[in-house]
$ cat entry_4.txt   # compact mmCIF, N, CA and C atoms
# COMPACT_ATOMS: atom_id res chain seq x y z
N MET A 24 0.84 -1.19 0.00
CA MET A 24 0.00 0.00 0.00
C MET A 24 0.88 1.25 0.00
N SER A 25 0.55 2.22 -0.82
CA SER A 25 1.34 3.45 -0.92
C SER A 25 1.09 4.34 0.30
N SER A 26 2.01 5.28 0.52
CA SER A 26 1.91 6.22 1.63
C SER A 26 1.68 7.63 1.10
N LYS A 27 1.08 8.46 1.93
CA LYS A 27 0.80 9.84 1.54
C LYS A 27 1.98 10.74 1.89
N LEU A 28 2.20 11.74 1.03
CA LEU A 28 3.21 12.76 1.27
C LEU A 28 2.54 14.03 1.74
N GLY A 29 3.23 14.78 2.57
CA GLY A 29 2.73 16.08 3.00
C GLY A 29 3.54 17.20 2.37
N GLU A 30 3.11 18.44 2.59
CA GLU A 30 3.80 19.60 2.03
C GLU A 30 5.22 19.75 2.56
N ASP A 31 5.53 19.18 3.72
CA ASP A 31 6.90 19.21 4.22
C ASP A 31 7.80 18.29 3.42
N ASP A 32 7.22 17.23 2.87
CA ASP A 32 7.99 16.26 2.08
C ASP A 32 8.27 16.77 0.67
N LEU A 33 7.26 17.34 0.03
CA LEU A 33 7.36 17.77 -1.35
C LEU A 33 6.32 18.85 -1.61
N LYS A 34 6.77 19.95 -2.19
CA LYS A 34 5.86 21.06 -2.49
C LYS A 34 5.59 21.08 -3.99
N VAL A 35 4.44 21.64 -4.36
CA VAL A 35 4.03 21.72 -5.76
C VAL A 35 3.53 23.14 -6.03
N THR A 36 4.05 23.76 -7.09
CA THR A 36 3.61 25.11 -7.42
C THR A 36 2.25 25.08 -8.11
N ASP A 37 1.57 26.21 -8.12
CA ASP A 37 0.29 26.33 -8.81
C ASP A 37 0.44 26.09 -10.31
N ASP A 38 1.56 26.53 -10.90
CA ASP A 38 1.80 26.30 -12.34
C ASP A 38 1.88 24.81 -12.64
N CYS A 39 2.48 24.04 -11.75
CA CYS A 39 2.57 22.59 -11.93
C CYS A 39 1.17 21.96 -11.86
N VAL A 40 0.40 22.36 -10.88
CA VAL A 40 -0.96 21.83 -10.73
C VAL A 40 -1.79 22.14 -11.98
N LYS A 41 -1.74 23.37 -12.44
CA LYS A 41 -2.52 23.78 -13.62
C LYS A 41 -2.14 22.96 -14.85
N ARG A 42 -0.84 22.73 -15.06
CA ARG A 42 -0.40 21.96 -16.22
C ARG A 42 -0.87 20.51 -16.12
N LEU A 43 -0.77 19.92 -14.94
CA LEU A 43 -1.20 18.54 -14.78
C LEU A 43 -2.71 18.40 -14.98
N GLU A 44 -3.48 19.40 -14.57
CA GLU A 44 -4.92 19.37 -14.81
C GLU A 44 -5.22 19.30 -16.31
N VAL A 45 -4.38 19.92 -17.11
CA VAL A 45 -4.59 19.95 -18.56
C VAL A 45 -4.15 18.65 -19.23
N ILE A 46 -3.01 18.09 -18.83
CA ILE A 46 -2.43 16.97 -19.59
C ILE A 46 -2.79 15.59 -19.07
N CYS A 47 -3.23 15.47 -17.84
CA CYS A 47 -3.51 14.14 -17.28
C CYS A 47 -4.94 13.70 -17.57
N ASP A 48 -5.05 12.45 -18.01
CA ASP A 48 -6.37 11.84 -18.11
C ASP A 48 -6.83 11.47 -16.70
N LYS A 49 -8.03 10.93 -16.59
CA LYS A 49 -8.65 10.66 -15.29
C LYS A 49 -7.76 9.84 -14.35
N ASP A 50 -7.13 8.79 -14.84
CA ASP A 50 -6.35 7.89 -13.99
C ASP A 50 -4.85 8.16 -14.03
N GLU A 51 -4.41 9.20 -14.73
CA GLU A 51 -2.99 9.49 -14.86
C GLU A 51 -2.49 10.41 -13.76
N PHE A 52 -1.21 10.30 -13.49
CA PHE A 52 -0.55 11.17 -12.53
C PHE A 52 0.88 11.39 -12.99
N LEU A 53 1.55 12.34 -12.36
CA LEU A 53 2.96 12.61 -12.67
C LEU A 53 3.83 11.77 -11.75
N ARG A 54 4.72 11.00 -12.36
CA ARG A 54 5.70 10.23 -11.58
C ARG A 54 7.04 10.96 -11.68
N LEU A 55 7.67 11.14 -10.53
CA LEU A 55 9.00 11.74 -10.46
C LEU A 55 9.95 10.71 -9.89
N CYS A 56 11.06 10.49 -10.57
CA CYS A 56 12.08 9.60 -10.03
C CYS A 56 13.46 10.19 -10.26
N VAL A 57 14.41 9.70 -9.52
CA VAL A 57 15.80 10.11 -9.64
C VAL A 57 16.57 8.92 -10.18
N GLU A 58 17.36 9.16 -11.23
CA GLU A 58 18.17 8.12 -11.84
C GLU A 58 19.63 8.56 -11.85
N SER A 59 20.54 7.61 -11.90
CA SER A 59 21.94 7.98 -12.06
C SER A 59 22.13 8.42 -13.51
N GLY A 60 22.99 9.42 -13.69
CA GLY A 60 23.25 9.94 -15.03
C GLY A 60 23.24 11.45 -15.05
N GLY A 61 23.21 12.00 -16.22
CA GLY A 61 23.25 13.45 -16.36
C GLY A 61 24.66 13.96 -16.16
N CYS A 62 24.86 15.22 -16.36
CA CYS A 62 26.21 15.78 -16.29
C CYS A 62 26.68 16.01 -14.85
N SER A 63 25.81 15.87 -13.86
CA SER A 63 26.22 16.08 -12.47
C SER A 63 26.14 14.84 -11.60
N GLY A 64 25.76 13.70 -12.15
CA GLY A 64 25.73 12.45 -11.39
C GLY A 64 24.36 11.81 -11.26
N TYR A 65 23.33 12.65 -11.01
CA TYR A 65 21.95 12.15 -10.89
C TYR A 65 21.06 13.05 -11.73
N GLN A 66 19.95 12.49 -12.20
CA GLN A 66 19.02 13.30 -13.00
C GLN A 66 17.59 13.02 -12.60
N TYR A 67 16.76 14.05 -12.77
CA TYR A 67 15.34 13.94 -12.48
C TYR A 67 14.63 13.41 -13.72
N LYS A 68 13.66 12.53 -13.51
CA LYS A 68 12.87 12.01 -14.63
C LYS A 68 11.40 12.21 -14.29
N PHE A 69 10.66 12.86 -15.18
CA PHE A 69 9.23 13.10 -15.02
C PHE A 69 8.51 12.35 -16.12
N GLU A 70 7.45 11.62 -15.77
CA GLU A 70 6.65 10.94 -16.78
C GLU A 70 5.22 10.75 -16.27
N LEU A 71 4.29 10.64 -17.19
CA LEU A 71 2.91 10.33 -16.81
C LEU A 71 2.80 8.83 -16.63
N ASP A 72 2.05 8.41 -15.62
CA ASP A 72 1.94 7.00 -15.28
C ASP A 72 0.52 6.72 -14.80
N THR A 73 0.18 5.43 -14.70
CA THR A 73 -1.14 5.04 -14.20
C THR A 73 -1.07 3.97 -13.12
N THR A 74 0.14 3.51 -12.78
CA THR A 74 0.30 2.42 -11.82
C THR A 74 1.05 2.91 -10.59
N ILE A 75 0.48 2.67 -9.41
CA ILE A 75 1.11 3.03 -8.15
C ILE A 75 1.56 1.75 -7.46
N ALA A 76 2.86 1.68 -7.14
CA ALA A 76 3.43 0.50 -6.48
C ALA A 76 3.25 0.60 -4.97
N LYS A 77 3.45 -0.53 -4.29
CA LYS A 77 3.27 -0.58 -2.83
C LYS A 77 4.22 0.36 -2.10
N ASP A 78 5.43 0.54 -2.63
CA ASP A 78 6.42 1.37 -1.93
C ASP A 78 6.46 2.81 -2.43
N ASP A 79 5.48 3.22 -3.21
CA ASP A 79 5.40 4.60 -3.70
C ASP A 79 4.81 5.52 -2.63
N PHE A 80 5.16 6.80 -2.75
CA PHE A 80 4.57 7.85 -1.93
C PHE A 80 3.74 8.73 -2.85
N VAL A 81 2.57 9.15 -2.40
CA VAL A 81 1.63 9.91 -3.23
C VAL A 81 1.34 11.26 -2.59
N LEU A 82 1.47 12.31 -3.39
CA LEU A 82 1.08 13.66 -2.98
C LEU A 82 -0.14 14.05 -3.80
N GLU A 83 -1.22 14.43 -3.13
CA GLU A 83 -2.42 14.88 -3.80
C GLU A 83 -2.65 16.35 -3.48
N LYS A 84 -2.92 17.12 -4.54
CA LYS A 84 -3.18 18.55 -4.36
C LYS A 84 -4.17 19.00 -5.43
N GLN A 85 -5.27 19.55 -5.00
CA GLN A 85 -6.29 20.10 -5.90
C GLN A 85 -6.70 19.12 -7.00
N GLY A 86 -6.81 17.83 -6.65
CA GLY A 86 -7.29 16.83 -7.59
C GLY A 86 -6.22 16.18 -8.45
N ILE A 87 -4.97 16.62 -8.36
CA ILE A 87 -3.90 15.97 -9.13
C ILE A 87 -3.07 15.11 -8.19
N LYS A 88 -2.33 14.16 -8.77
CA LYS A 88 -1.46 13.29 -7.98
C LYS A 88 -0.04 13.34 -8.53
N ILE A 89 0.91 13.32 -7.61
CA ILE A 89 2.32 13.18 -7.95
C ILE A 89 2.83 12.01 -7.13
N VAL A 90 3.54 11.09 -7.80
CA VAL A 90 3.99 9.86 -7.16
C VAL A 90 5.51 9.79 -7.23
N VAL A 91 6.12 9.38 -6.11
CA VAL A 91 7.57 9.26 -6.00
C VAL A 91 7.88 7.93 -5.32
N ASP A 92 8.86 7.20 -5.86
CA ASP A 92 9.27 5.95 -5.21
C ASP A 92 10.12 6.25 -3.98
N THR A 93 10.25 5.27 -3.12
CA THR A 93 10.94 5.44 -1.84
C THR A 93 12.38 5.92 -2.02
N THR A 94 13.13 5.30 -2.89
CA THR A 94 14.53 5.66 -3.10
C THR A 94 14.66 7.10 -3.59
N SER A 95 13.86 7.48 -4.57
CA SER A 95 13.93 8.83 -5.12
C SER A 95 13.56 9.88 -4.08
N LEU A 96 12.61 9.56 -3.22
CA LEU A 96 12.19 10.51 -2.19
C LEU A 96 13.35 10.89 -1.28
N ASN A 97 14.25 9.96 -1.02
CA ASN A 97 15.42 10.25 -0.19
C ASN A 97 16.31 11.33 -0.80
N TYR A 98 16.29 11.47 -2.13
CA TYR A 98 17.11 12.46 -2.82
C TYR A 98 16.41 13.80 -3.03
N ILE A 99 15.09 13.86 -2.84
CA ILE A 99 14.36 15.09 -3.18
C ILE A 99 13.49 15.63 -2.06
N ARG A 100 13.45 14.98 -0.93
CA ARG A 100 12.59 15.42 0.17
C ARG A 100 12.85 16.90 0.49
N GLY A 101 11.77 17.68 0.59
CA GLY A 101 11.89 19.10 0.87
C GLY A 101 11.95 19.98 -0.37
N SER A 102 11.94 19.39 -1.55
CA SER A 102 12.03 20.14 -2.81
C SER A 102 10.66 20.63 -3.27
N THR A 103 10.66 21.39 -4.35
CA THR A 103 9.44 21.91 -4.95
C THR A 103 9.39 21.50 -6.42
N ILE A 104 8.23 20.99 -6.85
CA ILE A 104 8.03 20.67 -8.27
C ILE A 104 7.33 21.85 -8.92
N ASP A 105 7.89 22.30 -10.04
CA ASP A 105 7.38 23.46 -10.75
C ASP A 105 7.17 23.09 -12.22
N TYR A 106 6.39 23.89 -12.91
CA TYR A 106 6.26 23.78 -14.36
C TYR A 106 6.66 25.12 -14.93
N GLU A 107 7.62 25.11 -15.83
CA GLU A 107 8.16 26.34 -16.39
C GLU A 107 7.97 26.37 -17.89
N GLN A 108 7.49 27.52 -18.39
CA GLN A 108 7.35 27.71 -19.83
C GLN A 108 8.23 28.86 -20.26
N GLN A 109 9.09 28.60 -21.24
CA GLN A 109 9.95 29.62 -21.83
C GLN A 109 9.79 29.52 -23.34
N LEU A 110 10.38 30.45 -24.05
CA LEU A 110 10.31 30.40 -25.50
C LEU A 110 10.95 29.14 -26.07
N ILE A 111 12.04 28.68 -25.44
CA ILE A 111 12.76 27.54 -26.00
C ILE A 111 12.33 26.18 -25.45
N ARG A 112 11.61 26.17 -24.33
CA ARG A 112 11.15 24.90 -23.79
C ARG A 112 10.07 25.10 -22.74
N ALA A 113 9.35 24.03 -22.49
CA ALA A 113 8.38 23.97 -21.40
C ALA A 113 8.58 22.62 -20.74
N ALA A 114 8.71 22.62 -19.40
CA ALA A 114 9.01 21.36 -18.73
C ALA A 114 8.71 21.44 -17.24
N PHE A 115 8.47 20.26 -16.66
CA PHE A 115 8.43 20.15 -15.22
C PHE A 115 9.87 20.20 -14.74
N ARG A 116 10.08 20.76 -13.55
CA ARG A 116 11.43 20.81 -13.01
C ARG A 116 11.36 20.79 -11.49
N LEU A 117 12.43 20.34 -10.89
CA LEU A 117 12.53 20.31 -9.44
C LEU A 117 13.41 21.49 -9.01
N ILE A 118 12.89 22.28 -8.09
CA ILE A 118 13.64 23.46 -7.63
C ILE A 118 13.79 23.40 -6.11
N ARG A 119 14.76 24.14 -5.63
CA ARG A 119 15.02 24.24 -4.19
C ARG A 119 15.18 22.87 -3.52
N ASN A 120 16.02 22.03 -4.12
CA ASN A 120 16.28 20.71 -3.55
C ASN A 120 17.36 20.84 -2.47
N PRO A 121 16.98 20.65 -1.20
CA PRO A 121 17.96 20.79 -0.12
C PRO A 121 19.03 19.69 -0.11
N LYS A 122 18.80 18.62 -0.85
CA LYS A 122 19.75 17.50 -0.90
C LYS A 122 20.77 17.67 -2.03
N ALA A 123 20.57 18.66 -2.91
CA ALA A 123 21.45 18.86 -4.06
C ALA A 123 22.52 19.90 -3.76
N GLU A 124 23.74 19.59 -4.16
CA GLU A 124 24.83 20.52 -3.96
C GLU A 124 25.11 21.33 -5.22
N ASP A 125 25.32 20.66 -6.31
CA ASP A 125 25.58 21.31 -7.59
C ASP A 125 24.60 20.76 -8.61
N GLY A 126 24.43 21.50 -9.69
CA GLY A 126 23.56 21.05 -10.75
C GLY A 126 24.01 21.61 -12.07
N CYS A 127 23.46 21.07 -13.13
CA CYS A 127 23.80 21.59 -14.45
C CYS A 127 22.97 22.85 -14.72
N SER A 128 23.33 23.58 -15.74
CA SER A 128 22.65 24.85 -16.01
C SER A 128 21.19 24.67 -16.42
N CYS A 129 20.83 23.53 -16.99
CA CYS A 129 19.44 23.32 -17.40
C CYS A 129 18.56 22.85 -16.24
N GLY A 130 19.18 22.44 -15.11
CA GLY A 130 18.43 22.04 -13.94
C GLY A 130 17.94 20.61 -13.96
N ALA A 131 18.37 19.82 -14.95
CA ALA A 131 17.89 18.44 -15.06
C ALA A 131 18.71 17.46 -14.26
N SER A 132 19.95 17.83 -13.90
CA SER A 132 20.77 16.91 -13.13
C SER A 132 21.41 17.62 -11.94
N PHE A 133 21.88 16.82 -10.98
CA PHE A 133 22.42 17.38 -9.75
C PHE A 133 23.40 16.41 -9.11
N SER A 134 24.18 16.90 -8.18
CA SER A 134 25.01 16.03 -7.36
C SER A 134 24.50 16.13 -5.92
N ILE A 135 24.75 15.08 -5.17
CA ILE A 135 24.23 14.96 -3.80
C ILE A 135 25.09 15.76 -2.84
N LYS A 136 24.44 16.48 -1.93
CA LYS A 136 25.12 17.17 -0.86
C LYS A 136 25.50 16.16 0.21
N ILE A 137 26.77 16.09 0.53
CA ILE A 137 27.23 15.15 1.55
C ILE A 137 27.48 15.90 2.83
N ASP A 138 26.77 15.51 3.88
CA ASP A 138 26.90 16.19 5.17
C ASP A 138 28.10 15.71 5.95

$ encode --input "entry_4.txt" --output "structure tokens"
Amino acid sequence: MSSKLGEDDLKVTDDCVKRLEVICDKDEFLRLCVESGGCSGYQYKFELDTTIAKDDFVLEKQGIKIVVDTTSLNYIRGSTIDYEQQLIRAAFRLIRNPKAEDGCSCGASFSIKID
């Protein structure tokens, strides 16, 4: 059974909520995971999904859902998910990640802050 996330675990901007309301079908949600790779060591991956695993964490806000697996949550807890539109691109992005030390200029990858 999945667990619920609170605003202390993961924040979501209004722009992100609005975009998900437009692009998600009834049973779809945004899945966020962290994978090894990218120019800084780890990278964020956003995709639409319809399956929630037992070890997933679910954040619900204004009728939308965002799902994060247990391992990825350890790398992003306390961050904010945003949706940004610019002339050259539009994308979901993770901002204000307290676990990230450095990142690439596009914001898609990061290195872990070691305490």

$ closest_residue --input "entry_4.txt" --among "A:Ile135, A:Leu33, A:Leu71, A:Ile99" --to "Phe52 (chain A)" --atoms "all atoms listed in the file"
A:Leu71

$ residues_around --input "entry_4.txt" --residues "Gly29 (chain A)" --least-positions-apart "2" --cutoff "9 Å" --atoms "only C-alpha atoms" --output "PyMOL selection string"
chain A and resi 27+31-34+81-83

$ atom_distance --input "entry_4.txt" --atom1 "CA of Glu51 (chain A)" --atom2 "CA of Ser95 (chain A)"
19.5 Å

$ atom_distance --input "entry_4.txt" --atom1 "CA of Gln85 (chain A)" --atom2 "atom N of Thr73 (chain A)"
18.3 Å

$ closest_residue --input "entry_4.txt" --among "A:Thr36, A:Thr74, A:Ser102, A:Gln109" --to "Lys122 (chain A)" --atoms "all atoms listed in the file"
A:Ser102

$ build_atoms --input "entry_4.txt" --residues "region 47-68 of chain A" --atoms "N, CA, C and O atoms" --output "JSON list (two decimals), keeping the file's coordinate frame"
[["chain", "number", "residue", "atom", "x", "y", "z"],
["A", 47, "CYS", "N", -3.23, 15.47, -17.84],
["A", 47, "CYS", "CA", -3.51, 14.14, -17.28],
["A", 47, "CYS", "C", -4.94, 13.70, -17.57],
["A", 47, "CYS", "O", -5.88, 14.46, -17.37],
["A", 48, "ASP", "N", -5.05, 12.45, -18.01],
["A", 48, "ASP", "CA", -6.37, 11.84, -18.11],
["A", 48, "ASP", "C", -6.83, 11.47, -16.70],
["A", 48, "ASP", "O", -6.08, 11.60, -15.73],
["A", 49, "LYS", "N", -8.03, 10.93, -16.59],
["A", 49, "LYS", "CA", -8.65, 10.66, -15.29],
["A", 49, "LYS", "C", -7.76, 9.84, -14.35],
["A", 49, "LYS", "O", -7.64, 10.16, -13.17],
["A", 50, "ASP", "N", -7.13, 8.79, -14.84],
["A", 50, "ASP", "CA", -6.35, 7.89, -13.99],
["A", 50, "ASP", "C", -4.85, 8.16, -14.03],
["A", 50, "ASP", "O", -4.07, 7.42, -13.44],
["A", 51, "GLU", "N", -4.41, 9.20, -14.73],
["A", 51, "GLU", "CA", -2.99, 9.49, -14.86],
["A", 51, "GLU", "C", -2.49, 10.41, -13.76],
["A", 51, "GLU", "O", -3.25, 11.20, -13.21],
["A", 52, "PHE", "N", -1.21, 10.30, -13.49],
["A", 52, "PHE", "CA", -0.55, 11.17, -12.53],
["A", 52, "PHE", "C", 0.88, 11.39, -12.99],
["A", 52, "PHE", "O", 1.38, 10.70, -13.88],
["A", 53, "LEU", "N", 1.55, 12.34, -12.36],
["A", 53, "LEU", "CA", 2.96, 12.61, -12.67],
["A", 53, "LEU", "C", 3.83, 11.77, -11.75],
["A", 53, "LEU", "O", 3.68, 11.81, -10.53],
["A", 54, "ARG", "N", 4.72, 11.00, -12.36],
["A", 54, "ARG", "CA", 5.70, 10.23, -11.58],
["A", 54, "ARG", "C", 7.04, 10.96, -11.68],
["A", 54, "ARG", "O", 7.48, 11.32, -12.77],
["A", 55, "LEU", "N", 7.67, 11.14, -10.53],
["A", 55, "LEU", "CA", 9.00, 11.74, -10.46],
["A", 55, "LEU", "C", 9.95, 10.71, -9.89],
["A", 55, "LEU", "O", 9.66, 10.11, -8.85],
["A", 56, "CYS", "N", 11.06, 10.49, -10.57],
["A", 56, "CYS", "CA", 12.08, 9.60, -10.03],
["A", 56, "CYS", "C", 13.46, 10.19, -10.26],
["A", 56, "CYS", "O", 13.63, 11.09, -11.08],
["A", 57, "VAL", "N", 14.41, 9.70, -9.52],
["A", 57, "VAL", "CA", 15.80, 10.11, -9.64],
["A", 57, "VAL", "C", 16.57, 8.92, -10.18],
["A", 57, "VAL", "O", 16.45, 7.81, -9.67],
["A", 58, "GLU", "N", 17.36, 9.16, -11.23],
["A", 58, "GLU", "CA", 18.17, 8.12, -11.84],
["A", 58, "GLU", "C", 19.63, 8.56, -11.85],
["A", 58, "GLU", "O", 19.91, 9.76, -11.86],
["A", 59, "SER", "N", 20.54, 7.61, -11.90],
["A", 59, "SER", "CA", 21.94, 7.98, -12.06],
["A", 59, "SER", "C", 22.13, 8.42, -13.51],
["A", 59, "SER", "O", 21.48, 7.92, -14.42],
["A", 60, "GLY", "N", 22.99, 9.42, -13.69],
["A", 60, "GLY", "CA", 23.25, 9.94, -15.03],
["A", 60, "GLY", "C", 23.24, 11.45, -15.05],
["A", 60, "GLY", "O", 23.25, 12.10, -14.00],
["A", 61, "GLY", "N", 23.21, 12.00, -16.22],
["A", 61, "GLY", "CA", 23.25, 13.45, -16.36],
["A", 61, "GLY", "C", 24.66, 13.96, -16.16],
["A", 61, "GLY", "O", 25.57, 13.22, -15.81],
["A", 62, "CYS", "N", 24.86, 15.22, -16.36],
["A", 62, "CYS", "CA", 26.21, 15.78, -16.29],
["A", 62, "CYS", "C", 26.68, 16.01, -14.85],
["A", 62, "CYS", "O", 27.86, 16.27, -14.63],
["A", 63, "SER", "N", 25.81, 15.87, -13.86],
["A", 63, "SER", "CA", 26.22, 16.08, -12.47],
["A", 63, "SER", "C", 26.14, 14.84, -11.60],
["A", 63, "SER", "O", 26.37, 14.90, -10.41],
["A", 64, "GLY", "N", 25.76, 13.70, -12.15],
["A", 64, "GLY", "CA", 25.73, 12.45, -11.39],
["A", 64, "GLY", "C", 24.36, 11.81, -11.26],
["A", 64, "GLY", "O", 24.20, 10.61, -11.35],
["A", 65, "TYR", "N", 23.33, 12.65, -11.01],
["A", 65, "TYR", "CA", 21.95, 12.15, -10.89],
["A", 65, "TYR", "C", 21.06, 13.05, -11.73],
["A", 65, "TYR", "O", 21.36, 14.23, -11.93],
["A", 66, "GLN", "N", 19.95, 12.49, -12.20],
["A", 66, "GLN", "CA", 19.02, 13.30, -13.00],
["A", 66, "GLN", "C", 17.59, 13.02, -12.60],
["A", 66, "GLN", "O", 17.26, 11.94, -12.13],
["A", 67, "TYR", "N", 16.76, 14.05, -12.77],
["A", 67, "TYR", "CA", 15.34, 13.94, -12.48],
["A", 67, "TYR", "C", 14.63, 13.41, -13.72],
["A", 67, "TYR", "O", 14.94, 13.81, -14.83],
["A", 68, "LYS", "N", 13.66, 12.53, -13.51],
["A", 68, "LYS", "CA", 12.87, 12.01, -14.63],
["A", 68, "LYS", "C", 11.40, 12.21, -14.29],
["A", 68, "LYS", "O", 10.93, 11.77, -13.23]]
